[in-house]
Amino acid sequence: MIEIRFHGRGGQGTVVASKILADALAKEGNYVQAYPEFGVERRGAPVYAFIRIDSKPIYDKSKIYHPDHVVVVDPTLVEAIDVTEGLKDGGYIIINSENSPEHFKFPDRYKVFTINATEIAVKHRLGTLAAPIVNTAIAGAVVKILNLTRLESLVEAIREGVPIKPEDNVKAAIEAYERA
Amino acid sequence: MIEIRFHGRGGQGTVVASKILADALAKEGNYVQAYPEFGVERRGAPVYAFIRIDSKPIYDKSKIYHPDHVVVVDPTLVEAIDVTEGLKDGGYIIINSENSPEHFKFPDRYKVFTINATEIAVKHRLGTLAAPIVNTAIAGAVVKILNLTRLESLVEAIREGVPIKPEDNVKAAIEAYERA
Amino acid sequence: MKKVIMGNHALSYGAMLSRAQVIAAYPITPQTQVVELLSEMCADGTLNAKFIKVESEHSAMAACLGASLAGARTFTATSAQGLALMHEMLHWAAGGRMPVVMGNINRAMAPGWSIWADQNDSLSERDTGWIQFYCASNQEVLDTVIQAYKVSEKLMIPSMIVLDAFTLSHTYEVVEIPDQSLVDQYLPPFNPPWRLTPDDPHAFGGLTSPDHYMELRYKLQKDMEKVPALVEETGKEYEKMFGRYLGQVEEYLCDDAEFIFVTSGTAGSTARVAVDELRQRGIKAGNLRIRLFRPFPFEKVRSILSRVPRVAVLDRNISYGHHGIFYQEVKSAMYGQPSQPLIFGFIAGLGGRDITRDSFREIADYALSRDRVEEEIVWIGVKK
Amino acid sequence: MKKVIMGNHALSYGAMLSRAQVIAAYPITPQTQVVELLSEMCADGTLNAKFIKVESEHSAMAACLGASLAGARTFTATSAQGLALMHEMLHWAAGGRMPVVMGNINRAMAPGWSIWADQNDSLSERDTGWIQFYCASNQEVLDTVIQAYKVSEKLMIPSMIVLDAFTLSHTYEVVEIPDQSLVDQYLPPFNPPWRLTPDDPHAFGGLTSPDHYMELRYKLQKDMEKVPALVEETGKEYEKMFGRYLGQVEEYLCDDAEFIFVTSGTAGSTARVAVDELRQRGIKAGNLRIRLFRPFPFEKVRSILSRVPRVAVLDRNISYGHHGIFYQEVKSAMYGQPSQPLIFGFIAGLGGRDITRDSFREIADYALSRDRVEEEIVWIGVKK
Amino acid sequence: MSKEKKMTTTITREEFMSPGHLACQGCGASLAMRLALKGLGQRTIVCIPACCWAVIDGPFPYSSLDVPIYHCAFETAASSASGVKAGLEILGDNETAVLAWAGDGGTYDIGLQALSGAAERNDDIIYACYDNEAYMNTGIQRSSATPFGAWTTTTPVKHYKKERKKDIIGIMAAHGIPYIATASVAYPEDMVKKFKKAREIRGTRFILIFAPCPAGWKSRPEDTIKLARLAVQTGYFPLIEIEKGEKWTLNLKLKERKPIAEYLKLQGRFRHLSEEEIAAIQQEVDERWAKTLQKCSL
Amino acid sequence: MSKEKKMTTTITREEFMSPGHLACQGCGASLAMRLALKGLGQRTIVCIPACCWAVIDGPFPYSSLDVPIYHCAFETAASSASGVKAGLEILGDNETAVLAWAGDGGTYDIGLQALSGAAERNDDIIYACYDNEAYMNTGIQRSSATPFGAWTTTTPVKHYKKERKKDIIGIMAAHGIPYIATASVAYPEDMVKKFKKAREIRGTRFILIFAPCPAGWKSRPEDTIKLARLAVQTGYFPLIEIEKGEKWTLNLKLKERKPIAEYLKLQGRFRHLSEEEIAAIQQEVDERWAKTLQKCSL
Amino acid sequence: MSRKKEARKIIFESEKEMPPVPMSLGSMLHNRTGAWRNIKPVIDLSKCIKCGICWKFCPDASIDIVDEWPQINYDYCKGCGLCAEECPQKCITMVEEEK
Amino acid sequence: MSRKKEARKIIFESEKEMPPVPMSLGSMLHNRTGAWRNIKPVIDLSKCIKCGICWKFCPDASIDIVDEWPQINYDYCKGCGLCAEECPQKCITMVEEEK
Ligand SMILES: Cc1ncc(C[n+]2csc(CCOP(=O)(O)OP(=O)(O)O)c2C)c(N)n1
Ligand SMILES: Cc1ncc(C[n+]2csc(CCOP(=O)(O)OP(=O)(O)O)c2C)c(N)n1
Ligand code: SF4
Ligand code: SF4
Ligand code: SF4
Ligand code: SF4
Ligand code: SF4
Ligand code: SF4
Ligand SMILES: [Mg+2]
Ligand SMILES: [Mg+2]
């Protein structure tokens with residue numbers, strides 16, 4: 001079983017990112033479970049989302065306290081909170097950032113990746129500069145970095161699950177996949 | 001223990017009659033329990049009320065199915081319903097009526113009394129001709145006929161418990177007591 | 001002073017003597033006389049209280065809660081549909097630790113419309129965190145109001161005082177009305193440990209995360225667990241001052257009994273007469289009337305029922321798809337106890353069907369003639 | 001068709017596939033997605049239903065009941081405060097024999113405000129005459145909606161389908177969405193034995209005197225008693241057509257178990273993992289997840305628990321002043337049974353506190369290390 | 001009275017209410033139902049919440065109406081009716097009228113929110129409130145329809161009702177529903193006509209019926225019609241219609257209004273009022289009347 | 001804008017709301033509370049039912065207000081406030097103001113009946129509704145305050161809201177309470193003044209505050225004031241007062257009203273509207289404006 | 001709607017005879033409310049102008065129009081006196097019931 | 001009202017430390033919402049006319065008036081941009097936060 005935690009901010013589509021990923025993974029016969037942080041946070045406030053992936057049915061309905069990997073949708077969170085809380089040794093930290101992985105100071109037991117999902121989103125006109133919608137780009141990068149599923153499944157999941165500008169989102173995901 | 005059932009019509013103060021009686025009896029140290037029929041009847045419809053009297057505390061909270069005596073506040077009820085239902089042998093039937101007891105055809109095992117409470121009430125200006133308020137007169141007669149308590153206690157009970165025209169009511173009760 | 005009053009007025013007198021300060025209520029048969037008398041008391045100055053004539057029972061309870069949080073002693077009364085409409089606010093009162101005292105006249109739930117006695121209304125509030133007292137006489141009603149304030153305000157948990165429709169609410173009995181000064185001595189003014197005031201501003205009832213909620217509810221339960229002892233203590237104090245004892249249960253001839261009725265409400269009064277009759281037949285019967293139903297008087301029930309081989313629990317209610325509620329709870333309380341009496345469950349008196357000495361005779365005959373529980377619900381008085 | 005959907009949407013799909021005809025609902029976290037998706041389905045024609053956007057939950061249920069009595073298949077969903085506000089109408093639905101199907105998202109009752117999982121909301125409706133199903137996966141949610149209509153409409157008793165806040169309502173899982181045509185085969189259109197129509201005018205729900213009320217309630221209980229068998233029957237039929245079985249309880253490794261968890265909802269899913277862990281430690285554990293809580297599955301629970309010496313009942317709820325509700329009901333059901341296992345009661349997860357494999361480990365350690373029940377409520381996870 | 005000397009034909013002879021019902025003698029509410037159904041006809045479903053009518057109709061297994069009835073919960077006249085209507089519609093019945101029939105308590109107070117909700121959604125129901133100005137079924141407690149000055153058991157003589165009667169017509173008018181009317185049992189033709197008219201309109205229709213209650217008003221049963229007529233003739237209860245949320249019509253114009261005292265003095269519930277208090281009531285009636293005229297552009 | 005170039009002094013510098021609260025960026029509702037309390041002062045008890053503000057205030061054991069708060073049940077803003085006030089009074093505190101502070105859902109819908117009840121009794125409370133035109137706390141569902149044409153999650157674009165916004169001012173005006181006002185976060189001086197004034201009046205006071213919600217309206221956070229101002233300038237949300245149930249005053253007269261399209265186009269919730277639909281909305285605004293002028297005798 | 005005409009009392013001997021819900025199965029005609037009457041309306045048809053006003057106003061639907069003439073149904077008339085009060089010809093008199 | 005000034009986190013180690021009801025014991029000042037900000041308002045005081053409009057409109061009470069000059073409290077400012085939008089002098093600029 002793989003357990004991943006997403007960090008983002010209210011209104012950025014963090015939950016959607018994990019949901020798209022779950023969709024894509026399910027397409028390949030995986031059992032998946034995705035869920036948001038159970039809170040009342042407003043736009044702008046830090047939020048979480050989780051995903052579990054397994055080849056067997058997943059019965060554990062408790063929260064994820066020790067993720068295998070974390071994905072940081074909003075780079076400002078790296079300062080604001082401890083994104084590595086409970087992260088297992090050897091875990092990957094995937095950050096949406098224009099900076100290189102080295103820019104971030106994390107303990108050596110983690111592996112850091114960055115992807116400029118914002119830039120990709122803006123390029124494909126997803127959301128606005130002030131509020132870019134980065135979830136599909138993030139999903140593309142995560143699929144690649146964690147080698148979770150085939151790109152085709154992700155593309156299919158986006159086509160089915162993203163009602164607004166699906167093709168632009170597909171392009172963003174592919175670009176992120178390729179750049180990651 | 002003595003159990004009495006009152007028959008009247010909604011709006012005639014049948015419950016009040018039983019309540020005044022209970023008050024009077026309590027004054028002499030009796031244990032009493034009085035209660036109305038448990039219904040939703042409107043003005044004009046037949047209603048009942050009950051009273052239990054004992055020298056010991058009364059624990060039985062069930063209804064009275066076999067009264068020792070019955071009191072009929074409205075004579076038209078004699079035709080409309082069976083006022084003797086469940087009445088014990090030897091029971092008294094006290095009817096508010098201008099007629100003599102013989103006018104009513106009841107089995108011999110019951111003893112019938114009449115009292116013209118309506119006339120007495122009208123005379124003392126209790127209620128109107130169309131809707132005389134007979135409860136205190138009835139109470140006076142019942143106290144006398146069943147020899148339940150002293151007249152003084154009834155008078156006291158009326159003074160304390162009848163907010164409108166207490167003195168006229170007292171007079172009506174006394175007159176009924178005397179005529180009964 | 002002795003007075004012949006109806007059960008509903010016993011509630012009103014109880015509230016008056018307790019110096020209720022804010023009353024908010026809505027009429028419903030068979031509760032109306034409670035509020036009518038209180039309206040008069042407020043109008044003629046006998047009672048110095050604010051009476052809020054709300055537009056629904058939901059608002060009645062809401063207004064009481066607001067007043068309670070502001071530091072006032074509050075009272076209301078309702079029945080059946082009205083109580084049901086308050087359901088959300090009942091949870092609120094308990095979770096918010098607002099010691100409202102409420103009279104509830106037990107009446108059957110619609111549909112069809114019924115205004116008659118039936119415990120399903122109050123018992124289906126058994127999980128809302130209220131203390132519940134079931135009364136068997138008008139005297140007990142009045143006395144319980146006063147005691148309930150004492151218990152509720154000490155622990156900051158609301159109380160419901162339950163009386164059967166008509167059989168108690170509308171029944172006139174002789175009631176000793178205690179002196180105000182004595183009551184004042186017994187029941188000091190309400191002085192809550194926290195309140196709404198600009199002098200010490202707090203926000204009450206804000207969002208409570210999974211980090212905190214459970215502890216608060218743990219505290220509520222722990223305080224609930226203190227109620228039985230407090231009922232005994234305040235009951236004894238009451239006895240000293242007023243000569244009448246108010247405990248968790250009323251035992252009638254249980255000491256040497258070989259067969260016990262477990263009852264509540266007015267049926268628990270009639271049961272005494274039935275016990276006398278059985279004793280005359282040579283059967284050592286007893287009656288355990290449960291007065292305090294929430295919190296459940298575990299210790300009392302266990303110690304009494306452990307002594308007998310045979311128990312008949314009477315329910316004027318039913319949890320559909322389960323059993324009578326007293327039956328269920330008594331069995332649950334007796335599970336795993338060293339002594340395991342045969343416990344039979346009977347349903348009687350729903351929707352105002354009368355519960356008579358005959359009903360008890362039928363119950364006794366049934367229970368005494370069987371050596372195992374064949375049916376878990378024995379219906380008394382259903383036309384089959 | 002397989003889809004990754006959240007628990008709330010599983011309810012919406014269930015209602016859609018059941019061809020609900022009238023939906024009346026009011027938003028509340030964490031139920032909102034149920035009605036949002038249904039709104040969309042109604043707007044885009046996927047579902048041919050009237051959606052009444054009422055101004056409160058009381059009206060939501062009232063509108064459903066009116067529509068049901070007019071002969072329409074009805075659906076609603078709510079949670080916590082909303083469910084509580086419906087309380088009066090829940091009694092109404094059952095007493096009026098109106099087979100509404102409702103989703104309830106288990107959420108803690110305020111105050112303080114909590115939007116998190118806790119069973120007190122639905123369990124404090126246990127006495128209202130509703131059938132109650134507790135679900136552990138999104139697939140089960142969807143399947144249960146369809147089954148519930150079948151059971152409810154056969155017996156004219158309403159059903160509540162209960163899912164934990166967030167842990168199920170907001171959790172995405174892979175769900176097989178059955179074919180509409182197959183569902184239509186399984187679930188014929190609603191055709192009630194009576195209805196509101198000028199062609200055959202009847203007055204429903206009029207004043208019901210003590211002469212009649214009890215018989216009507218007797219009939220309700222008798223019909224309730226038919227539910228367990230009907231759940232088995234309709235569940236097997238469902239299995240034949242859809243390949244998934246829906247019974248009264250879910251047994252996991254109970255056959256040879258020497259220690260059984262009694263669970264419900266999502267905790268009953270996590271419990272399976274805990275059982276696996278215990279088995280690895282050599283402890284013959286099992287899990288009995290109660291799916292049908294009302295009517296209570298007496299036979300199933302008795303036959304399974306009678307086989308084991310030790311039982312741990314987990315409650316994500318508490319009846320203040322009593323015990324955990326499942327604990328109370330299981331003990332009541334086991335009273336007087338030939339076999340008397342040690343039954344321990346645990347309270348965990350109130351107000352959204354997580355119930356984890358660790359919780360079960362703690363429970364097992366406690367229960368396995370004791371030979372008698374010392375405390376009747378063992379609190380798991382309270383910061384003491 | 002003068003107009004009514006010939007047997008009118010606008011009112012159907014057909015009866016949808018049978019005798020034998022449980023209303024008090026001279027009950028305005030029972031007459032109101034009799035007339036309303038004459039306007040609506042048999043293809044009508046009636047939702048009756050808790051109120052006198054829940055009793056008047058008769059107990060299970062009886063009913064005094066020849067139309068289907070749903071005896072619904074007190075607060076739910078409107079929401080039940082909305083539900084019934086939705087059920088009928090989805091089943092293809094667009095013809096049957098759904099009537100919510102509630103007392104003033106069930107309308108002005110505990111049922112107001114459900115009514116407001118239905119009106120806002122413009123649900124296709126007819127909502128009729130028979131106004132007897134108090135909670136009568138529970139034994140005469142004040143409602144927000146109880147007029148200033150009246151005695152009820154919760155507004156005892158020493159502290160009679162101090163608040164004025166809630167303006168339900170104003171409230172419903174603010175909802176902008178397609179049809180609003182007032183009606184009186186003293187004017188059967190007008191009332192039947194209004195129910196007929198309402199039946200032909202779609203959306204939420206609201207009819208307020210003035211229905212004297214001898215038991216609660218402490219009036220003589222034979223005065224029921226007289227009181228209802230006086231309420232109109234004094235201007236206390238004007239007969240009006242509001243169409244499309246806009247157009248106000250005064251149906252019965254009055255050359256001269258009778259003094260309110262004439263109306264009050266027939267009722268025990270006002271017995272305690274002093275001359276000054278009656279004068280104050282007269283003034284309020286005058287003011288309201290003036291406003292009504294204004295709204296009707298008269 | 002031009003008038004506001006000098007630091008005004010009518011608004012107290014004292015803050016009764018601390019930063020750190022949980023509102024979204026640019027939340028009109030949070031600004032509304034900040035201003036309302038500046039008008040009322042610290043000796044105020046606030047009853048807040050379920051709504052965004054139940055969250056904004058912060059979780060236990062925190063609060064962002066310096067006044068006592070009772071977080072009450074959703075339907076009970078008014079009844080809770082009535083209860084609090086009664087409690088204070090019987091304990092001898094006649095000074096502290098009791099403010100019920102609810103959203104539009106808690107006012108127009110689920111809390112309407114309790115509000116109407118309090119108003120009928122003329123209970124001594126200030127009831128403020130911050131209107132963001134939908135159920136925001138639960139994620140943008142339609143309320144009866146949602147305007148015609150708007151998208152919400154329960155009025156999806158394919159079936160946007162077809163009913164007009166409920167006229168709560170009309171409804172409250174029908175109750176004849178001593179003070180009613182509308183206020184807008186774009187006009188802080190006016191708003192603070194109205195709360196100050198309300199504090200000095202006894203009986204039920206009702207203030208409706210227009211409070212844009214960027215999250216729910218799909219508008220830019222920085223446009224909150226602009227939108228509130230446009231609502232006034234287009235005549236969509238006139239600033240008025242109604243005193244003693246009678247006297248209507250238009251507080252901000254407009255020489256020329258801006259077209260409603262200017263207001264609509266800044267909000268994602270109206271994005272789907274066609275020109276014709278916008279024209280229809282314009283027409284409705286015009287009509288309502290004319291009526292408002294008429295009521296204000298202008 | 002045949003039940004309209006019937007004045008039948010319905011008695012259930014057993015729960016089995018009852019419907020599962022409280023629904024009406026007959027009219028209220030079995031309830032002869034004439035017994036409630038204290039005073040009794042008597043029409044003097046010789047004065048009657050057949051205006052139908054008494055019929056229109058009877059809250060108990062206890063006046064029938066038979067061949068255009070009003071006829072009181074004493075089985076149900078509760079004796080409220082409304083008809084007498086409203087009759088424009090004053091041709092209805094309320095007389096005391098025999099007791 | 002001292003709690004107004006405190007930015008203290010309140011942590012309960014045990015239920016014993018908690019009040020029996022959920023009542024506030026401190027302000028929200030511990031919640032430094034400045035972290036929510038994506039873009040940051042910067043005032044060019046040289047253009048400022050001290051009209052106080054930015055102060056008046058800040059929904060987060062995050063602009064203080066210090067010696068009559070507006071001063072943004074970046075600990076809490078959420079970066080909504082309202083102040084910049086409403087400043088009549090356009091002297092507030094929203095600049096991107098460093099990430
Ligand atoms: C929730 C609820 N509260 C209270 C009642 C009790 N109740 C039944 S009828 C009634 C009064 C109805 O008054 P109104 O609507 O004016 O009708 P009327 O009785 O005057 O005809 C009341 C208070 C109830 N049935 N349900
Ligand atoms: C009885 C009940 N039903 C539903 C809810 C859920 N609920 C909480 S807040 C809310 C929406 C409030 O809307 P509004 O009053 O407009 O305030 P806003 O959230 O827009 O600030 C809802 C539906 C609740 N708390 N209680
Ligand atoms: S109380 Fe009034 S409204 Fe009710 S039945 Fe009697 S007269 Fe009619
Ligand atoms: S959703 Fe709207 S009203 Fe609620 S906090 Fe956010 S901006 Fe404010
Ligand atoms: S007296 Fe009354 S009930 Fe009898 S016929 Fe005349 S109006 Fe009808
Ligand atoms: S009202 Fe008089 S005149 Fe007219 S029909 Fe009746 S009896 Fe004849
Ligand atoms: S950007 Fe917004 S939160 Fe920050 S100071 Fe300006 S108005 Fe206040
Ligand atoms: S709004 Fe602009 S000019 Fe006015 S005080 Fe603020 S920064 Fe200065
Ligand atoms: Mg009424
Ligand atoms: Mg809102």
# chains A, B, ... in the order shown; residues from 1 in each chain; ligands from 1
>>> residues_around(residues="segment 58-71 of chain H", least_positions_apart="5", cutoff="8 Å", atoms="only C-alpha atoms", output="list of chain:residue names")
F:Glu15, F:Met17, F:Ser18, F:Pro19, F:Gly20, F:His21, F:Gly26, F:Cys27, F:Gly28, F:Ser30, F:Leu31, F:Ala32, F:Arg34, H:Ile43, H:Leu45, H:Lys50, H:Gly52, H:Tyr76, H:Cys77, H:Lys78, H:Leu82, H:Cys83
>>> select_by_dssp(residues="chain A", states="strand (DSSP E)", output="VMD selection string")
chain A and resid 2 to 9 31 to 36 46 to 54 69 to 72 92 to 96 111 to 115
>>> write_last_selection(atoms="C-alpha atoms", output="PDB file, in the first residue's frame")
ATOM      1  CA  ILE A   2       1.185   3.485  -0.858  1.00  0.00           C
ATOM      2  CA  GLU A   3      -0.037   6.452   1.150  1.00  0.00           C
ATOM      3  CA  ILE A   4       0.413   9.999  -0.083  1.00  0.00           C
ATOM      4  CA  ARG A   5      -0.416  13.310   1.526  1.00  0.00           C
ATOM      5  CA  PHE A   6      -1.138  16.490  -0.409  1.00  0.00           C
ATOM      6  CA  HIS A   7      -0.657  19.957   1.044  1.00  0.00           C
ATOM      7  CA  GLY A   8      -2.339  22.948  -0.463  1.00  0.00           C
ATOM      8  CA  ARG A   9      -4.543  25.880   0.321  1.00  0.00           C
ATOM      9  CA  TYR A  31      -7.881  -0.155  -5.198  1.00  0.00           C
ATOM     10  CA  VAL A  32      -7.791   3.461  -4.160  1.00  0.00           C
ATOM     11  CA  GLN A  33      -9.072   5.608  -1.394  1.00  0.00           C
ATOM     12  CA  ALA A  34      -8.827   9.377  -1.480  1.00  0.00           C
ATOM     13  CA  TYR A  35     -10.081  11.815   1.062  1.00  0.00           C
ATOM     14  CA  PRO A  36      -9.753  15.425   2.053  1.00  0.00           C
ATOM     15  CA  PRO A  46      -3.733  25.415   4.570  1.00  0.00           C
ATOM     16  CA  VAL A  47      -5.520  22.168   3.736  1.00  0.00           C
ATOM     17  CA  TYR A  48      -4.576  18.542   3.230  1.00  0.00           C
ATOM     18  CA  ALA A  49      -5.729  15.611   1.153  1.00  0.00           C
ATOM     19  CA  PHE A  50      -4.791  11.971   1.272  1.00  0.00           C
ATOM     20  CA  ILE A  51      -4.665   9.024  -1.022  1.00  0.00           C
ATOM     21  CA  ARG A  52      -4.163   5.318  -0.404  1.00  0.00           C
ATOM     22  CA  ILE A  53      -3.312   2.925  -3.211  1.00  0.00           C
ATOM     23  CA  ASP A  54      -3.231  -0.845  -3.015  1.00  0.00           C
ATOM     24  CA  HIS A  69       5.206  10.595   0.155  1.00  0.00           C
ATOM     25  CA  VAL A  70       3.998  14.156   0.311  1.00  0.00           C
ATOM     26  CA  VAL A  71       3.010  16.547  -2.436  1.00  0.00           C
ATOM     27  CA  VAL A  72       3.106  20.278  -1.780  1.00  0.00           C
ATOM     28  CA  TYR A  92       9.482  11.797  -1.650  1.00  0.00           C
ATOM     29  CA  ILE A  93       8.558  15.446  -1.285  1.00  0.00           C
ATOM     30  CA  ILE A  94       7.142  16.830  -4.511  1.00  0.00           C
ATOM     31  CA  ILE A  95       6.799  20.587  -4.496  1.00  0.00           C
ATOM     32  CA  ASN A  96       5.134  22.927  -6.951  1.00  0.00           C
ATOM     33  CA  LYS A 111      13.984  12.956  -1.578  1.00  0.00           C
ATOM     34  CA  VAL A 112      12.857  16.339  -2.908  1.00  0.00           C
ATOM     35  CA  PHE A 113      11.428  17.064  -6.363  1.00  0.00           C
ATOM     36  CA  THR A 114      10.102  20.291  -7.774  1.00  0.00           C
ATOM     37  CA  ILE A 115       7.825  21.002 -10.680  1.00  0.00           C
TER      38      ILE A 115
END
>>> interface_residues(of="chain E", to="chain F", cutoff="12 Å", atoms="only C-alpha atoms", output="PDB file with C-alpha atoms, in the first residue's frame")
ATOM      1  CA  GLU E  75     -45.903  23.016  11.373  1.00  0.00           C
ATOM      2  CA  GLY E 105     -51.705  29.330  14.916  1.00  0.00           C
ATOM      3  CA  GLY E 106     -50.573  26.947  12.226  1.00  0.00           C
ATOM      4  CA  THR E 107     -50.205  29.846   9.811  1.00  0.00           C
ATOM      5  CA  TYR E 108     -49.078  32.971  11.630  1.00  0.00           C
ATOM      6  CA  ASP E 109     -46.899  31.126  14.117  1.00  0.00           C
ATOM      7  CA  ILE E 110     -45.599  27.600  13.947  1.00  0.00           C
ATOM      8  CA  GLY E 111     -46.286  27.067  10.258  1.00  0.00           C
ATOM      9  CA  LEU E 112     -45.162  30.452   9.008  1.00  0.00           C
ATOM     10  CA  GLN E 113     -41.744  29.355   7.890  1.00  0.00           C
ATOM     11  CA  ALA E 114     -42.969  26.422   5.852  1.00  0.00           C
ATOM     12  CA  LEU E 115     -45.573  28.691   4.289  1.00  0.00           C
ATOM     13  CA  SER E 116     -42.986  31.325   3.486  1.00  0.00           C
ATOM     14  CA  GLY E 117     -40.778  28.653   1.944  1.00  0.00           C
ATOM     15  CA  ALA E 118     -43.563  27.329  -0.264  1.00  0.00           C
ATOM     16  CA  ALA E 119     -44.489  30.866  -1.294  1.00  0.00           C
ATOM     17  CA  GLU E 120     -40.912  31.693  -2.173  1.00  0.00           C
ATOM     18  CA  ARG E 121     -40.698  28.598  -4.356  1.00  0.00           C
ATOM     19  CA  ASN E 122     -44.150  29.508  -5.664  1.00  0.00           C
ATOM     20  CA  ASP E 123     -45.217  25.911  -5.162  1.00  0.00           C
ATOM     21  CA  ARG E 142     -52.987  33.541  22.314  1.00  0.00           C
ATOM     22  CA  SER E 143     -51.559  33.288  18.839  1.00  0.00           C
ATOM     23  CA  SER E 144     -49.955  36.096  16.919  1.00  0.00           C
ATOM     24  CA  ALA E 145     -53.326  36.489  15.198  1.00  0.00           C
ATOM     25  CA  THR E 146     -54.998  37.304  18.489  1.00  0.00           C
ATOM     26  CA  PRO E 147     -55.997  40.967  18.337  1.00  0.00           C
ATOM     27  CA  PHE E 148     -54.882  43.625  20.752  1.00  0.00           C
ATOM     28  CA  LYS E 161     -52.941  40.778  24.727  1.00  0.00           C
ATOM     29  CA  LYS E 162     -50.777  43.849  24.296  1.00  0.00           C
ATOM     30  CA  GLU E 163     -49.376  43.132  20.861  1.00  0.00           C
ATOM     31  CA  ARG E 164     -51.306  43.883  17.743  1.00  0.00           C
ATOM     32  CA  LYS E 165     -52.411  41.157  15.386  1.00  0.00           C
ATOM     33  CA  LYS E 166     -49.699  40.092  12.992  1.00  0.00           C
ATOM     34  CA  ASP E 167     -50.269  41.389   9.481  1.00  0.00           C
ATOM     35  CA  ILE E 168     -50.213  38.115   7.615  1.00  0.00           C
ATOM     36  CA  ILE E 169     -51.595  39.657   4.467  1.00  0.00           C
ATOM     37  CA  GLY E 170     -48.773  42.167   4.432  1.00  0.00           C
ATOM     38  CA  ILE E 171     -46.300  39.373   4.938  1.00  0.00           C
ATOM     39  CA  MET E 172     -47.726  37.222   2.190  1.00  0.00           C
ATOM     40  CA  ALA E 173     -48.023  40.212  -0.112  1.00  0.00           C
ATOM     41  CA  ALA E 174     -44.295  40.775   0.305  1.00  0.00           C
ATOM     42  CA  HIS E 175     -43.826  37.278  -1.120  1.00  0.00           C
ATOM     43  CA  GLY E 176     -45.323  38.417  -4.400  1.00  0.00           C
ATOM     44  CA  ILE E 177     -47.344  35.257  -4.947  1.00  0.00           C
ATOM     45  CA  GLY E 203     -48.469  28.907  -8.088  1.00  0.00           C
ATOM     46  CA  GLY E 245     -48.363  40.351  -6.007  1.00  0.00           C
ATOM     47  CA  GLU E 246     -49.391  43.771  -7.218  1.00  0.00           C
ATOM     48  CA  GLU E 287     -55.533  53.559  10.370  1.00  0.00           C
ATOM     49  CA  ARG E 288     -55.395  50.104   8.904  1.00  0.00           C
ATOM     50  CA  LYS E 291     -53.864  51.987   4.445  1.00  0.00           C
ATOM     51  CA  GLN E 294     -54.508  53.413  -0.232  1.00  0.00           C
ATOM     52  CA  LYS E 295     -53.156  50.067  -1.370  1.00  0.00           C
TER      53      LYS E 295
END
>>> interface_residues(of="chain F", to="chain H", cutoff="9 Å", atoms="only C-alpha atoms", output="PyMOL selection string")
chain F and resi 1-2+4-8+11+13+15-35+57-67+185-186+188+220-226
>>> atom_distance(atom1="atom CA of Leu91 of chain E", atom2="atom CA of Arg73 of chain D")
10.0 Å
>>> residues_near_ligand(ligand="ligand 3", cutoff="9 Å", atoms="only C-alpha atoms and all ligand atoms", output="PyMOL selection string")
(chain B and resi 42-43) or (chain E and resi 22-30+51-53+55-56+103+130-132+135-140+211-217+221)
